[in-house]
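For reference, query.tsv (TSV, C-alpha atoms and all ligand atoms):
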```
chain	number	residue	atom	x	y	z
A	1	MET	CA	103.95	141.41	96.36
A	2	VAL	CA	103.80	142.43	99.99
A	3	LYS	CA	106.90	144.29	101.01
A	4	ARG	CA	109.05	142.95	103.77
A	5	VAL	CA	110.08	144.97	106.83
A	6	LEU	CA	112.57	144.09	109.52
A	7	SER	CA	113.35	145.81	112.78
A	8	GLY	CA	115.11	145.04	116.02
A	9	ILE	CA	115.10	146.18	119.62
A	10	GLN	CA	117.63	145.59	122.38
A	11	PRO	CA	116.52	143.82	125.57
A	12	THR	CA	118.59	146.13	127.74
A	13	HIS	CA	115.92	147.33	130.19
A	14	ASP	CA	113.31	145.86	132.49
A	15	SER	CA	110.49	147.47	130.58
A	16	PHE	CA	109.85	149.42	127.39
A	17	HIS	CA	108.61	152.96	128.03
A	18	LEU	CA	105.84	155.13	126.65
A	19	GLY	CA	108.26	156.82	124.21
A	20	ASN	CA	109.28	153.46	122.70
A	21	TYR	CA	105.65	152.45	122.50
A	22	LEU	CA	104.16	155.59	120.95
A	23	GLY	CA	107.29	156.41	118.93
A	24	ALA	CA	108.12	153.02	117.44
A	25	LEU	CA	106.47	149.86	118.67
A	26	GLN	CA	102.88	150.87	117.88
A	27	GLN	CA	104.04	151.32	114.29
A	28	TRP	CA	105.57	147.85	114.31
A	29	VAL	CA	102.09	146.60	115.11
A	30	GLU	CA	100.54	148.64	112.30
A	31	LEU	CA	103.13	147.52	109.75
A	32	GLN	CA	102.44	143.84	110.33
A	33	SER	CA	99.01	144.23	108.66
A	34	THR	CA	100.42	145.66	105.45
A	35	HIS	CA	103.86	144.05	105.30
A	36	ASP	CA	105.65	140.76	105.76
A	37	ALA	CA	107.21	141.68	109.10
A	38	TYR	CA	110.29	140.31	110.85
A	39	TYR	CA	110.90	141.56	114.39
A	40	CYS	CA	114.02	140.58	116.22
A	41	ILE	CA	115.02	140.91	119.86
A	42	VAL	CA	118.71	141.65	119.46
A	43	ASP	CA	120.14	139.93	122.50
A	44	LEU	CA	123.66	139.64	121.05
A	45	HIS	CA	123.84	143.41	120.68
A	46	ALA	CA	122.95	143.65	124.36
A	47	LEU	CA	126.24	141.87	125.18
A	48	THR	CA	128.17	145.02	124.26
A	49	VAL	CA	127.36	146.37	127.71
A	50	GLU	CA	128.23	144.56	130.92
A	51	VAL	CA	125.94	141.61	131.47
A	52	ASP	CA	124.17	140.30	134.55
A	53	PRO	CA	123.10	136.85	133.28
A	54	ALA	CA	119.96	136.45	135.42
A	55	LEU	CA	118.84	139.95	134.56
A	56	LEU	CA	119.54	139.59	130.84
A	57	ARG	CA	117.53	136.38	130.71
A	58	LYS	CA	114.63	138.10	132.44
A	59	ARG	CA	114.79	141.10	130.12
A	60	ILE	CA	114.83	139.00	126.96
A	61	LEU	CA	111.69	137.21	128.09
A	62	ALA	CA	110.08	140.47	129.21
A	63	SER	CA	110.84	142.04	125.82
A	64	ALA	CA	109.14	139.19	123.99
A	65	ALA	CA	106.16	139.27	126.35
A	66	GLN	CA	105.72	143.03	125.87
A	67	LEU	CA	105.92	142.81	122.09
A	68	LEU	CA	103.22	140.17	122.08
A	69	ALA	CA	101.19	142.15	124.62
A	70	ILE	CA	101.14	145.31	122.49
A	71	GLY	CA	99.79	143.31	119.59
A	72	ILE	CA	102.65	141.77	117.62
A	73	ASN	CA	100.83	138.74	116.33
A	74	PRO	CA	103.10	135.73	115.84
A	75	GLU	CA	100.83	134.44	113.08
A	76	LYS	CA	101.33	137.63	111.09
A	77	SER	CA	104.86	138.60	112.10
A	78	THR	CA	107.98	136.53	112.54
A	79	LEU	CA	109.04	137.36	116.10
A	80	PHE	CA	112.38	135.87	117.09
A	81	ILE	CA	115.53	136.15	119.13
A	82	GLN	CA	118.74	137.04	117.32
A	83	SER	CA	120.94	134.46	119.07
A	84	HIS	CA	118.56	131.69	117.95
A	85	VAL	CA	119.60	132.22	114.35
A	86	PRO	CA	123.36	131.62	114.01
A	87	ALA	CA	123.51	133.13	110.51
A	88	HIS	CA	123.49	136.59	112.12
A	89	ASN	CA	127.00	136.08	113.50
A	90	GLN	CA	128.16	134.28	110.38
A	91	LEU	CA	127.11	137.07	108.03
A	92	GLY	CA	128.32	139.63	110.59
A	93	TRP	CA	131.85	138.28	110.10
A	94	VAL	CA	131.60	138.63	106.33
A	95	PHE	CA	130.60	142.27	106.77
A	96	GLU	CA	133.47	142.88	109.18
A	97	CYS	CA	135.72	141.75	106.33
A	98	ILE	CA	134.36	144.30	103.86
A	99	THR	CA	133.99	147.29	106.23
A	100	GLY	CA	136.82	149.78	106.40
A	101	PHE	CA	138.31	150.54	109.80
A	102	GLY	CA	137.85	154.26	109.21
A	103	GLU	CA	134.30	153.72	108.07
A	104	ALA	CA	133.46	151.87	111.31
A	105	ASN	CA	135.27	154.53	113.29
A	106	ARG	CA	132.94	157.20	111.94
A	107	MET	CA	129.80	155.67	113.43
A	108	THR	CA	128.48	158.28	115.83
A	109	GLN	CA	126.86	155.76	118.17
A	110	PHE	CA	130.26	154.07	118.59
A	111	LYS	CA	131.96	157.40	119.14
A	112	ASP	CA	129.39	158.46	121.78
A	113	LYS	CA	129.36	155.18	123.63
A	114	SER	CA	133.11	154.68	123.60
A	115	GLN	CA	133.67	158.23	124.76
A	116	LYS	CA	131.33	157.63	127.67
A	117	SER	CA	132.96	154.40	128.79
A	118	GLY	CA	136.58	155.42	128.06
A	119	ALA	CA	139.06	153.73	125.71
A	120	ASP	CA	140.12	151.07	128.25
A	121	ARG	CA	136.64	149.79	128.78
A	122	THR	CA	135.41	150.04	125.22
A	123	VAL	CA	134.96	146.53	123.86
A	124	VAL	CA	135.59	145.45	120.27
A	125	GLY	CA	131.95	144.31	120.05
A	126	LEU	CA	130.84	147.92	120.29
A	127	PHE	CA	133.01	148.68	117.27
A	128	THR	CA	131.64	145.81	115.19
A	129	TYR	CA	128.06	146.36	116.39
A	130	PRO	CA	126.94	148.02	113.12
A	131	MET	CA	128.21	145.10	111.02
A	132	LEU	CA	126.15	142.68	113.10
A	133	GLN	CA	123.20	145.01	112.67
A	134	ALA	CA	123.74	145.03	108.90
A	135	ALA	CA	123.65	141.23	109.01
A	136	ASP	CA	120.41	141.29	111.08
A	137	ILE	CA	118.86	143.31	108.33
A	138	LEU	CA	120.29	141.97	105.07
A	139	LEU	CA	119.76	138.29	105.89
A	140	TYR	CA	116.02	138.89	105.46
A	141	GLN	CA	116.18	140.98	102.28
A	142	PRO	CA	113.72	143.59	103.59
A	143	GLU	CA	112.68	146.59	101.51
A	144	LEU	CA	112.22	148.73	104.62
A	145	VAL	CA	113.76	149.04	108.05
A	146	PRO	CA	111.52	151.00	110.44
A	147	VAL	CA	113.76	152.68	113.01
A	148	GLY	CA	114.14	155.95	114.87
A	149	GLU	CA	116.19	158.85	113.56
A	150	ASP	CA	119.18	157.80	115.71
A	151	GLN	CA	119.63	154.69	113.55
A	152	ARG	CA	119.89	156.48	110.22
A	153	GLN	CA	123.67	156.17	110.03
A	154	HIS	CA	123.58	152.42	110.73
A	155	ILE	CA	121.05	151.94	107.94
A	156	GLU	CA	123.26	153.98	105.59
A	157	LEU	CA	126.19	151.67	106.40
A	158	THR	CA	123.93	148.67	105.84
A	159	ARG	CA	123.00	150.00	102.39
A	160	ASP	CA	126.66	150.68	101.56
A	161	LEU	CA	127.65	147.14	102.56
A	162	ALA	CA	124.83	145.63	100.51
A	163	GLN	CA	125.85	147.63	97.44
A	164	ARG	CA	129.53	146.92	97.96
A	165	PHE	CA	128.93	143.19	98.25
A	166	ASN	CA	126.59	143.16	95.25
A	167	SER	CA	129.01	145.01	93.01
A	168	SER	CA	131.99	142.85	93.99
A	169	TYR	CA	130.38	139.41	94.16
A	170	GLY	CA	127.03	139.54	92.37
A	171	GLU	CA	123.53	140.65	93.24
A	172	VAL	CA	122.80	138.82	96.47
A	173	PHE	CA	121.24	141.54	98.60
A	174	THR	CA	118.16	143.72	98.34
A	175	VAL	CA	119.31	147.24	99.24
A	176	PRO	CA	116.87	148.33	101.96
A	177	GLY	CA	115.55	151.81	102.59
A	178	ALA	CA	115.37	153.37	106.02
A	179	HIS	CA	111.80	153.96	107.06
A	180	ILE	CA	112.49	156.61	109.66
A	181	LEU	CA	109.60	156.44	112.06
A	182	LYS	CA	107.83	159.71	112.51
A	183	SER	CA	106.74	159.55	116.07
A	184	LYS	CA	103.14	160.61	116.49
A	185	ALA	CA	104.67	162.56	119.31
A	186	LYS	CA	108.09	163.04	120.72
A	187	ILE	CA	107.50	161.99	124.29
A	188	MET	CA	109.46	163.94	126.87
A	189	ASP	CA	110.51	163.04	130.40
A	190	LEU	CA	107.73	163.97	132.86
A	191	GLN	CA	110.21	165.43	135.34
A	192	GLU	CA	112.43	167.06	132.76
A	193	PRO	CA	110.09	167.94	129.90
A	194	THR	CA	112.89	169.41	127.81
A	195	SER	CA	114.64	166.02	127.43
A	196	LYS	CA	113.35	162.96	125.62
A	197	MET	CA	111.80	160.23	127.73
A	198	SER	CA	114.65	157.73	127.72
A	199	LYS	CA	115.59	154.43	129.24
A	200	SER	CA	118.92	155.87	130.24
A	201	ALA	CA	117.36	158.68	132.31
A	202	THR	CA	119.07	159.10	135.68
A	203	SER	CA	115.75	158.81	137.48
A	204	LEU	CA	112.71	156.80	136.42
A	205	ALA	CA	110.35	159.31	138.08
A	206	GLY	CA	109.64	160.90	134.72
A	207	VAL	CA	109.53	157.67	132.68
A	208	ILE	CA	106.25	155.82	132.13
A	209	GLU	CA	107.03	152.13	131.78
A	210	LEU	CA	104.73	149.59	130.16
A	211	LEU	CA	105.29	147.14	133.00
A	212	ASP	CA	104.78	149.67	135.82
A	213	THR	CA	101.66	149.25	137.92
A	214	PRO	CA	98.80	151.62	137.09
A	215	GLU	CA	99.22	153.16	140.56
A	216	ALA	CA	102.88	153.95	139.90
A	217	ASN	CA	102.07	155.53	136.55
A	218	ILE	CA	99.19	157.58	137.97
A	219	LYS	CA	101.55	158.90	140.61
A	220	LYS	CA	104.21	159.77	138.03
A	221	ILE	CA	101.70	161.64	135.87
A	222	LYS	CA	100.19	163.51	138.80
A	223	SER	CA	103.67	164.60	139.86
A	224	ALA	CA	104.69	165.64	136.35
A	225	VAL	CA	106.49	168.97	136.27
A	226	THR	CA	104.32	171.83	134.97
A	227	ASP	CA	104.57	175.61	134.95
A	228	THR	CA	102.95	178.15	137.27
A	229	GLY	CA	100.19	179.06	134.82
A	230	ARG	CA	96.76	177.46	134.73
A	231	GLU	CA	95.69	177.22	131.09
A	232	VAL	CA	95.91	173.85	129.44
A	233	THR	CA	97.35	175.04	126.13
A	234	PHE	CA	100.09	173.78	123.84
A	235	ASP	CA	103.23	175.91	123.98
A	236	GLU	CA	106.43	173.88	123.93
A	237	GLU	CA	108.63	176.83	124.90
A	238	GLN	CA	106.69	178.32	127.79
A	239	LYS	CA	104.76	175.24	128.89
A	240	ALA	CA	106.93	172.23	128.10
A	241	GLY	CA	105.37	170.01	130.77
A	242	ILE	CA	101.73	170.67	129.86
A	243	SER	CA	102.56	170.42	126.14
A	244	ASN	CA	104.11	167.01	126.70
A	245	LEU	CA	101.01	165.81	128.56
A	246	LEU	CA	98.85	167.16	125.73
A	247	SER	CA	100.98	165.26	123.19
A	248	ILE	CA	100.67	162.07	125.19
A	249	PHE	CA	96.90	162.51	125.53
A	250	ALA	CA	96.58	163.16	121.78
A	251	ALA	CA	98.85	160.26	120.75
A	252	ILE	CA	96.94	157.79	122.89
A	253	THR	CA	93.40	158.88	122.09
A	254	GLY	CA	93.99	159.87	118.47
A	255	ARG	CA	92.35	163.23	119.22
A	256	SER	CA	93.69	166.57	118.04
A	257	ILE	CA	95.44	168.86	120.50
A	258	PRO	CA	93.03	171.81	119.94
A	259	SER	CA	90.03	169.64	120.71
A	260	ILE	CA	91.64	168.54	123.98
A	261	GLU	CA	92.56	172.14	124.85
A	262	ALA	CA	88.93	173.12	124.28
A	263	ASP	CA	87.77	170.58	126.85
A	264	TYR	CA	89.88	172.17	129.57
A	265	VAL	CA	89.00	175.82	129.14
A	266	GLY	CA	88.26	177.08	132.65
A	267	LYS	CA	89.58	173.92	134.31
A	268	GLY	CA	92.92	173.55	136.07
A	269	TYR	CA	96.03	171.40	135.71
A	270	GLY	CA	94.78	169.03	138.41
A	271	ASP	CA	91.72	167.94	136.40
A	272	PHE	CA	93.80	167.63	133.27
A	273	LYS	CA	96.51	165.49	134.87
A	274	LYS	CA	93.87	163.23	136.36
A	275	ASP	CA	92.42	162.63	132.88
A	276	VAL	CA	95.85	162.09	131.29
A	277	ALA	CA	96.60	159.53	134.00
A	278	GLU	CA	93.33	157.83	133.19
A	279	VAL	CA	93.84	157.54	129.43
A	280	VAL	CA	97.42	156.37	129.91
A	281	THR	CA	96.55	153.72	132.48
A	282	ASP	CA	93.48	152.60	130.51
A	283	SER	CA	95.69	151.91	127.53
A	284	LEU	CA	98.69	150.45	129.40
A	285	LYS	CA	96.81	148.31	131.93
A	286	PRO	CA	95.73	145.64	129.43
A	287	ILE	CA	99.25	145.61	127.94
A	288	ARG	CA	100.82	145.07	131.34
A	289	GLU	CA	98.33	142.36	132.21
A	290	ALA	CA	98.84	140.57	128.91
A	291	ALA	CA	102.63	140.76	129.31
A	292	LEU	CA	102.43	139.33	132.83
A	293	THR	CA	100.21	136.52	131.56
A	294	TYR	CA	102.75	135.65	128.85
A	295	LEU	CA	105.51	135.69	131.46
A	296	LYS	CA	103.63	133.27	133.68
A	297	ASP	CA	103.88	130.54	131.06
A	298	GLU	CA	107.50	130.57	130.03
A	299	GLY	CA	107.11	127.30	128.11
A	300	ALA	CA	104.43	128.77	125.85
A	301	LEU	CA	106.45	131.94	125.34
A	302	LEU	CA	109.54	129.95	124.35
A	303	GLU	CA	107.42	127.93	121.96
A	304	ILE	CA	106.26	131.10	120.16
A	305	LEU	CA	109.91	132.17	119.90
A	306	ARG	CA	110.95	128.72	118.68
A	307	VAL	CA	108.46	128.89	115.81
A	308	GLY	CA	109.63	132.42	115.01
A	309	ALA	CA	113.28	131.34	115.01
A	310	GLU	CA	112.49	128.41	112.73
A	311	ARG	CA	110.83	130.68	110.18
A	312	ALA	CA	113.60	133.25	110.45
A	313	ASP	CA	116.30	130.59	110.17
A	314	ALA	CA	114.87	129.26	106.91
A	315	VAL	CA	115.18	132.68	105.26
A	316	ALA	CA	118.51	133.55	106.87
A	317	SER	CA	120.22	130.24	106.00
A	318	GLN	CA	119.30	130.64	102.36
A	319	THR	CA	120.77	134.14	102.20
A	320	LEU	CA	123.91	132.99	103.98
A	321	ALA	CA	124.31	130.08	101.56
A	322	ASP	CA	124.03	132.51	98.62
A	323	VAL	CA	126.63	134.77	100.24
A	324	TYR	CA	129.09	131.92	100.85
A	325	GLN	CA	128.66	130.67	97.33
A	326	ALA	CA	129.14	134.14	95.86
A	327	LEU	CA	132.36	134.45	97.89
A	328	GLY	CA	133.72	131.15	96.61
A	329	LEU	CA	133.48	129.27	99.88
A	330	LEU	CA	132.96	125.54	99.34
A	331	PRO	CA	129.72	123.99	100.52
A	332	ARG	CA	130.12	121.15	103.04
A	333	ALA	CA	129.63	117.96	101.03
B	401	LIG	P1	115.68	153.31	122.01
B	401	LIG	O1	115.68	151.92	122.53
B	401	LIG	O2	115.77	154.37	123.07
B	401	LIG	O3	116.66	153.49	120.89
B	401	LIG	O4	114.24	153.51	121.40
B	401	LIG	C1	113.69	152.66	120.42
B	401	LIG	C2	112.80	153.49	119.53
B	401	LIG	O5	111.74	154.09	120.30
B	401	LIG	C3	113.53	154.66	118.88
B	401	LIG	O6	114.06	154.31	117.64
B	401	LIG	C4	112.49	155.75	118.76
B	401	LIG	O7	111.80	155.66	117.51
B	401	LIG	C5	111.49	155.41	119.86
B	401	LIG	N1	111.62	156.33	120.99
B	401	LIG	C6	112.48	156.20	122.04
B	401	LIG	N2	112.29	157.20	122.92
B	401	LIG	C7	111.29	157.99	122.42
B	401	LIG	C8	110.62	159.17	122.88
B	401	LIG	N3	110.93	159.73	124.04
B	401	LIG	N4	109.65	159.70	122.11
B	401	LIG	C9	109.30	159.12	120.94
B	401	LIG	N5	109.89	158.01	120.46
B	401	LIG	C10	110.87	157.44	121.18
B	402	LIG	N1	120.87	149.35	116.90
B	402	LIG	C1	119.43	149.33	117.07
B	402	LIG	C2	119.05	150.27	118.23
B	402	LIG	O1	119.88	150.59	119.05
B	402	LIG	C3	118.93	147.93	117.38
B	402	LIG	C4	119.08	147.01	116.23
B	402	LIG	C5	119.94	145.96	116.10
B	402	LIG	C6	118.33	147.04	115.02
B	402	LIG	N2	119.75	145.30	114.94
B	402	LIG	C7	118.78	145.94	114.25
B	402	LIG	C8	117.32	147.89	114.54
B	402	LIG	C9	118.24	145.70	112.98
B	402	LIG	C10	116.79	147.63	113.29
B	402	LIG	C11	117.24	146.53	112.51
B	402	LIG	O2	117.89	150.66	118.30
```
Go ahead and express the file in the form of structure tokens.
Ligand code: AMP
Ligand code: TRP
Amino acid sequence: MVKRVLSGIQPTHDSFHLGNYLGALQQWVELQSTHDAYYCIVDLHALTVEVDPALLRKRILASAAQLLAIGINPEKSTLFIQSHVPAHNQLGWVFECITGFGEANRMTQFKDKSQKSGADRTVVGLFTYPMLQAADILLYQPELVPVGEDQRQHIELTRDLAQRFNSSYGEVFTVPGAHILKSKAKIMDLQEPTSKMSKSATSLAGVIELLDTPEANIKKIKSAVTDTGREVTFDEEQKAGISNLLSIFAAITGRSIPSIEADYVGKGYGDFKKDVAEVVTDSLKPIREAALTYLKDEGALLEILRVGAERADAVASQTLADVYQALGLLPRA
């Protein structure tokens, strides 16, 4: 039997960046060939931060377009939007009822985010976020959940809830494993090569976005911070900027870092940056163009998402019915 995987991504930014792509999304594409894959754009989770409706709508569509553009194939994978499948909220409530307050309070993502926004502006949805995430996952009975290291604690809670439910009410859920994605490279900010490339960076000058124009990305790469040396060699401590560019070059071309270093013996940073800019734009240009093409025909894009939601809904409704029955809730006659 092919194993099932499920993952989700929030539509909270205008574009995914190179770190998301090389660190996670490329692996989503690979997994769809070997697994029965469910990929969800978690728009309801995006409501835990303040919402600009026009912008959110645009970002949800842009997220779907980018996922298709990088190669998520809707014939192989079930690509859908969380809010299109009501069972997510319904099962989320059940999990809220079996999660301890203290247990939820220990979630580090909640602690970080609530500390940042202050107690007065912390919404209850941020607190119950992990229970909705557990529902996203367990509705589909996946064996594996491919996510980044930062999600490990949420997957642990998901496993605990599945086991708790199963032992109290009967074996309804498959207990999933975390498939912590090993990034082919940890991609750092081009302007601040000691911090991770991140969508919450204060400036986008060091962030390569999939939907940026090739010109913008070339400029960002050519202005990447480097050191005062001249050898193109990998040394994360002394040469963080050049090492990051080497990692990016290697991750995109599939070449080894030593073989790239060998090509630049006797050449300077200028030549190297020019070539990095070229491999990056060569690989991102078709993605950007495909995404823009998907966005031009909103009707067709919505149709792909409708089919995805229909497939997802069939699986999710069945799980929810099993859960309700196990809990003793009466079916509607
Ligand atoms: P985020 O939306 O920032 O949580 O990122 C989604 C996923 O992309 C994460 O789970 C990571 O696996 C991956 N990712 C994000 N930023 C980077 C980065 N700078 N380098 C490598 N992988 C990253
Ligand atoms: N919390 C995840 C993140 O911030 C997003 C997410 C929501 C998710 N539901 C999910 C990831 C289900 C995997 C599976 O990245």
Contacts to ligand LIG 401 (chain B) at 7 Å cut-off (all atoms listed in the file) as an MDAnalysis selection string: chainID A and resid 9:10 19:25 147:151 181 183 185:188 196:199
Under the rule of at most 7 Å, produce a per-residue listing of chain A near ligand LIG 402 (chain B): chain, number, name, the closest pair of atoms, and the distance in Å, as JSON lines, using only C-alpha atoms and all ligand atoms.
```
{"residue": "A:Leu6", "atom": "CA", "partner": "B:LIG402", "partner_atom": "C11", "distance": 6.1}
{"residue": "A:Ser7", "atom": "CA", "partner": "B:LIG402", "partner_atom": "C10", "distance": 3.9}
{"residue": "A:Gly8", "atom": "CA", "partner": "B:LIG402", "partner_atom": "C8", "distance": 3.9}
{"residue": "A:Ile9", "atom": "CA", "partner": "B:LIG402", "partner_atom": "C3", "distance": 4.8}
{"residue": "A:Gln10", "atom": "CA", "partner": "B:LIG402", "partner_atom": "C3", "distance": 5.7}
{"residue": "A:Val42", "atom": "CA", "partner": "B:LIG402", "partner_atom": "C5", "distance": 5.6}
{"residue": "A:His45", "atom": "CA", "partner": "B:LIG402", "partner_atom": "C5", "distance": 6.5}
{"residue": "A:Gln133", "atom": "CA", "partner": "B:LIG402", "partner_atom": "N2", "distance": 4.1}
{"residue": "A:Ala134", "atom": "CA", "partner": "B:LIG402", "partner_atom": "C9", "distance": 6.9}
{"residue": "A:Asp136", "atom": "CA", "partner": "B:LIG402", "partner_atom": "C9", "distance": 5.3}
{"residue": "A:Ile137", "atom": "CA", "partner": "B:LIG402", "partner_atom": "C9", "distance": 5.3}
{"residue": "A:Val145", "atom": "CA", "partner": "B:LIG402", "partner_atom": "C11", "distance": 6.2}
{"residue": "A:Pro146", "atom": "CA", "partner": "B:LIG402", "partner_atom": "C10", "distance": 6.9}
{"residue": "A:Val147", "atom": "CA", "partner": "B:LIG402", "partner_atom": "C10", "distance": 5.9}
{"residue": "A:Gln151", "atom": "CA", "partner": "B:LIG402", "partner_atom": "C1", "distance": 6.4}
```
Please dump the current selection as a PDB file, in the frame of the given file; keep C-alpha atoms.
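Done, and the output landed in again23.pdb:
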```
ATOM      1  CA  LEU A   6     112.570 144.090 109.520  1.00  0.00           C
ATOM      2  CA  SER A   7     113.350 145.810 112.780  1.00  0.00           C
ATOM      3  CA  GLY A   8     115.110 145.040 116.020  1.00  0.00           C
ATOM      4  CA  ILE A   9     115.100 146.180 119.620  1.00  0.00           C
ATOM      5  CA  GLN A  10     117.630 145.590 122.380  1.00  0.00           C
ATOM      6  CA  VAL A  42     118.710 141.650 119.460  1.00  0.00           C
ATOM      7  CA  HIS A  45     123.840 143.410 120.680  1.00  0.00           C
ATOM      8  CA  GLN A 133     123.200 145.010 112.670  1.00  0.00           C
ATOM      9  CA  ALA A 134     123.740 145.030 108.900  1.00  0.00           C
ATOM     10  CA  ASP A 136     120.410 141.290 111.080  1.00  0.00           C
ATOM     11  CA  ILE A 137     118.860 143.310 108.330  1.00  0.00           C
ATOM     12  CA  VAL A 145     113.760 149.040 108.050  1.00  0.00           C
ATOM     13  CA  PRO A 146     111.520 151.000 110.440  1.00  0.00           C
ATOM     14  CA  VAL A 147     113.760 152.680 113.010  1.00  0.00           C
ATOM     15  CA  GLN A 151     119.630 154.690 113.550  1.00  0.00           C
TER      16      GLN A 151
END
```
Of A:Pro176, A:Pro53, A:Gly241, A:Gly266, the one sitting nearest Gly206 of chain A when using only C-alpha atoms is A:Gly241
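Nearest to Ala62 of chain A of all the residues A:Thr108, A:Thr293, A:Thr202, A:Ser167 is A:Thr293, based on all atoms listed in the file.
With all atoms listed in the file as the basis for measurement, A:Ala316 is the residue among A:Ala178, A:Met107, A:Ala316, A:Leu327 that approaches Leu138 of chain A most closely.
Residues in contact range of Val175 of chain A, defined as at most 8 Å between all atoms listed in the file, with sequence neighbours fewer than 3 positions away removed, read Leu138, Gln141, Pro142, Glu143, Arg159, Ala162 and Gln163 of chain A.
Proximity of A:Asp297, A:Glu192, A:Asp263, A:Glu75 to Ala37 of chain A, computed with only C-alpha atoms, is greatest for A:Glu75.
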Tell me, as number ranges by chain, which residues lie within 9 Å of segment 211-217 of chain A, counting all atoms listed in the file; anything in the same chain fewer than 5 positions away does not count. A: 14-17, 66, 222, 277, 280-282, 284-285, 287-289, 291-292
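The smallest atom-to-atom distance between Leu295 of chain A and any of A:Val29, A:Val123, A:Ala64, A:Ala333, using all atoms listed in the file, is found for A:Ala64.
Excluding segment 311-315 of chain A and any residue on its chain fewer than 5 positions from it, the residues at most 10 Å away by all atoms listed in the file are Tyr38, Tyr39, Cys40, Thr78, Leu79, Phe80, Ile81, Gln82, His84, Val85, Pro86, Ala87, His88, Leu139, Tyr140, Gln141, Leu305, Arg306 and Leu320 of chain A.
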What would segment 291-306 of chain A look like with N, CA and C atoms restored, written as a PDB file, in the coordinates of the input?
```
ATOM      1  N   ALA A 291     101.199 141.097 129.215  1.00  0.00           N
ATOM      2  CA  ALA A 291     102.630 140.760 129.310  1.00  0.00           C
ATOM      3  C   ALA A 291     102.859 139.840 130.513  1.00  0.00           C
ATOM      4  N   LEU A 292     102.238 140.167 131.639  1.00  0.00           N
ATOM      5  CA  LEU A 292     102.430 139.330 132.830  1.00  0.00           C
ATOM      6  C   LEU A 292     101.878 137.926 132.605  1.00  0.00           C
ATOM      7  N   THR A 293     100.774 137.847 131.865  1.00  0.00           N
ATOM      8  CA  THR A 293     100.210 136.520 131.560  1.00  0.00           C
ATOM      9  C   THR A 293     101.193 135.716 130.695  1.00  0.00           C
ATOM     10  N   TYR A 294     101.759 136.362 129.675  1.00  0.00           N
ATOM     11  CA  TYR A 294     102.750 135.650 128.850  1.00  0.00           C
ATOM     12  C   TYR A 294     103.933 135.181 129.698  1.00  0.00           C
ATOM     13  N   LEU A 295     104.335 136.035 130.650  1.00  0.00           N
ATOM     14  CA  LEU A 295     105.510 135.690 131.460  1.00  0.00           C
ATOM     15  C   LEU A 295     105.241 134.551 132.434  1.00  0.00           C
ATOM     16  N   LYS A 296     103.961 134.353 132.750  1.00  0.00           N
ATOM     17  CA  LYS A 296     103.630 133.270 133.680  1.00  0.00           C
ATOM     18  C   LYS A 296     103.843 131.905 133.056  1.00  0.00           C
ATOM     19  N   ASP A 297     103.719 131.838 131.719  1.00  0.00           N
ATOM     20  CA  ASP A 297     103.880 130.540 131.060  1.00  0.00           C
ATOM     21  C   ASP A 297     105.101 130.609 130.150  1.00  0.00           C
ATOM     22  N   GLU A 298     106.260 130.421 130.770  1.00  0.00           N
ATOM     23  CA  GLU A 298     107.500 130.570 130.030  1.00  0.00           C
ATOM     24  C   GLU A 298     107.596 129.550 128.888  1.00  0.00           C
ATOM     25  N   GLY A 299     107.068 128.344 129.130  1.00  0.00           N
ATOM     26  CA  GLY A 299     107.110 127.300 128.110  1.00  0.00           C
ATOM     27  C   GLY A 299     106.395 127.753 126.839  1.00  0.00           C
ATOM     28  N   ALA A 300     105.210 128.341 127.010  1.00  0.00           N
ATOM     29  CA  ALA A 300     104.430 128.770 125.850  1.00  0.00           C
ATOM     30  C   ALA A 300     105.129 129.928 125.135  1.00  0.00           C
ATOM     31  N   LEU A 301     105.729 130.811 125.915  1.00  0.00           N
ATOM     32  CA  LEU A 301     106.450 131.940 125.340  1.00  0.00           C
ATOM     33  C   LEU A 301     107.644 131.445 124.507  1.00  0.00           C
ATOM     34  N   LEU A 302     108.382 130.496 125.077  1.00  0.00           N
ATOM     35  CA  LEU A 302     109.540 129.950 124.350  1.00  0.00           C
ATOM     36  C   LEU A 302     109.101 129.224 123.085  1.00  0.00           C
ATOM     37  N   GLU A 303     107.933 128.629 123.133  1.00  0.00           N
ATOM     38  CA  GLU A 303     107.420 127.930 121.960  1.00  0.00           C
ATOM     39  C   GLU A 303     107.124 128.924 120.823  1.00  0.00           C
ATOM     40  N   ILE A 304     106.522 130.065 121.168  1.00  0.00           N
ATOM     41  CA  ILE A 304     106.260 131.100 120.160  1.00  0.00           C
ATOM     42  C   ILE A 304     107.589 131.549 119.533  1.00  0.00           C
ATOM     43  N   LEU A 305     108.595 131.713 120.383  1.00  0.00           N
ATOM     44  CA  LEU A 305     109.910 132.170 119.900  1.00  0.00           C
ATOM     45  C   LEU A 305     110.620 131.076 119.094  1.00  0.00           C
ATOM     46  N   ARG A 306     110.347 129.826 119.446  1.00  0.00           N
ATOM     47  CA  ARG A 306     110.950 128.720 118.680  1.00  0.00           C
ATOM     48  C   ARG A 306     110.391 128.715 117.252  1.00  0.00           C
TER      49      ARG A 306
END
```
